[in-house]
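Chemist: Following this message is one structure expressed as structure tokens.
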Amino acid sequence: MKILFCDSYNHTDTLVVLNIKEKKNINPLKSFPNILKNLNLTGSHNEKSTLVNIDGFSKIHILGAGKLQKKQSLRNIGGKIYDISKNDKSIQVSVAGLSKQDIAQIAYGLILGSYSFTKYKTVKNESAKLDKVSFVGENSSEAKKCFDNLNCIAQGVFLARDLVNEPANVLTPEKFVETAKGLSKLGVKVKILNEDELKKLGMNALLAVGQGSANKSYVAIMEYMGAKESENPFVFVGKGVTFDAGGISLKPSGGMEDMKFDMGGASAVIGAMKAISLRKAKANVIGVLGLVENMPDGLAQRPGDVVASMSGQTIEVINTDAEGRMVLADCLTYVQKKYKPRSIIDLATLTGAMMVALGQEYAGVFGNNDELKQNIIKAGDSEVEGLWPMPMSKAYNKEINSNIADMKNTGSKWGGACTAAAFLGRFINDGTSWAHLDIAGMAWEYKGKPTTPKGGVGFGVRTLDRLVWDWERSVK
Ligand SMILES: [Zn+2]
């Protein structure tokens, strides 16, 4: 979709005017006295009217915008503008009186809300045809620069959404690797480890998960160096289980189709790498993806198996459906051997227990460094991605002691998100700053929101990008 910023109206396009409640001094509707005279509008949320032939415009949509106090309310208005005008080919949005930042946020919300995934529909929806949006107002041309930056982040979110929405017969680990390689066009150095190389490195925990699948396992490494080489990198690690059948500990069939989104962590990491490289961030950022498929098969790992991880620690496999932590464990060891991370943040749709605890409102944040956790939660707040602090304690850690190996891959019946985090914590060296985001409840949108249509959310892209952005500003 083309987004333009202009100074004057084109009377042949549909006009969208916002009516902002209790802010009459900066209300774009003020520029249209004839509309105000003819209609009794309050400006309340979701108030909608469509007029024809007024002030020389053939069609005008008026949208009640409420009070527009917060950034997210601006973005939501953008999503709603898309919703009321998606059947028009070309619209102009009056943003008279609004600041350049506010205009850019509305445009950002409109772009995020316009996302759709229709590549497998052979009959395209003819009604959704909006392809040009012009924002008109005195600060519009200055809003363009703010928007260009936000649009880079939207492109990262879209990549993540596309990947989450792709079915698992298309998005195999190998296909995911191809997508990662595509980032090399943006100045990202991409390195791929295949099964032979993973074996040589001793990444047996990750390989054990993929051994029951006909699709080969990979690790993809993306390096973006936008700062001095001496600057320690942020390291993001994503769980990329392209389909999780549960393995021999097979999942129940109801809802199993959702398990194509078990690569939501990896999609957030690759989306963030795209956003960060597109906006040419002045930071060093490494993204690592553990890419496997968890299937039941004659070669699949069994409950009771013991595997030696890359760290040297041994794992007794109690439940083959607790596979994400085995994939992450070896990736976490790898990045600590290879880099000197400023901090490591892993993202994973890791446990159903996380969804039980926090539903679809917040992802859980675990870790060993309070400052890092606070910075992540603050970054999430700025981007309206809900994150909530979760506990780590010796008691959870004790739960995963095994009788025959160093640890087992599940704890007892309760606190599954916390024992999973304890498991990961065993692969973090002393002194390494680390956080783990369990995003199981956040990767998929079931209802649809103004800036998040149904389907893959791309959750985490904006928080990771914002974390880096906040850091860039702190060292300036
Ligand atoms: Zn699983």
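Each chain of the structure tokens is named A, B, ... in the order shown, its residues numbered from 1; ligands are numbered from 1 in display order.
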At a cut-off of 6 Å and counting only C-alpha atoms and all ligand atoms, what residues surround ligand 1? Please answer as a VMD selection string.

Modeler: chain A and resid 244 246 321 to 323

Chemist: Which residue out of A:Lys21, A:Arg426, A:Arg466, A:Lys413 has the minimum interatomic distance to Arg325 (chain A) when only C-alpha atoms are used?

Modeler: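 Looking only at the distances to Arg325 (chain A), the closest residue turns out to be A:Arg426.
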
Chemist: Any idea what's packed within 12 Å of Ala353 (chain A), counting only C-alpha atoms, ignoring anything in its chain fewer than 6 positions away? Could you give it as a VMD selection string?

Modeler: chain A and resid 322 359 363 to 364 410 to 421 438 to 441

Chemist: Report as a ChimeraX atom specification all protein, DNA and RNA residues lying within 12 Å of Gly182 (chain A), evaluated on only C-alpha atoms, omitting residues in the same chain fewer than 6 positions from it.

Modeler: /A:159,175-176,188-191,220,222,270-271,273-274

Chemist: Find, counting only C-alpha atoms, the residue in A:Leu36, A:Val136, A:Ala65, A:Val219 that gets nearest to Leu291 (chain A).

Modeler: A:Val219

Chemist: For Ser58 (chain A), which residue among A:Leu299, A:Leu29, A:Leu15, A:Leu39 is the nearest when counting only C-alpha atoms?

Modeler: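 Nearest candidate to Ser58 (chain A) out of A:Leu299, A:Leu29, A:Leu15, A:Leu39: A:Leu15.
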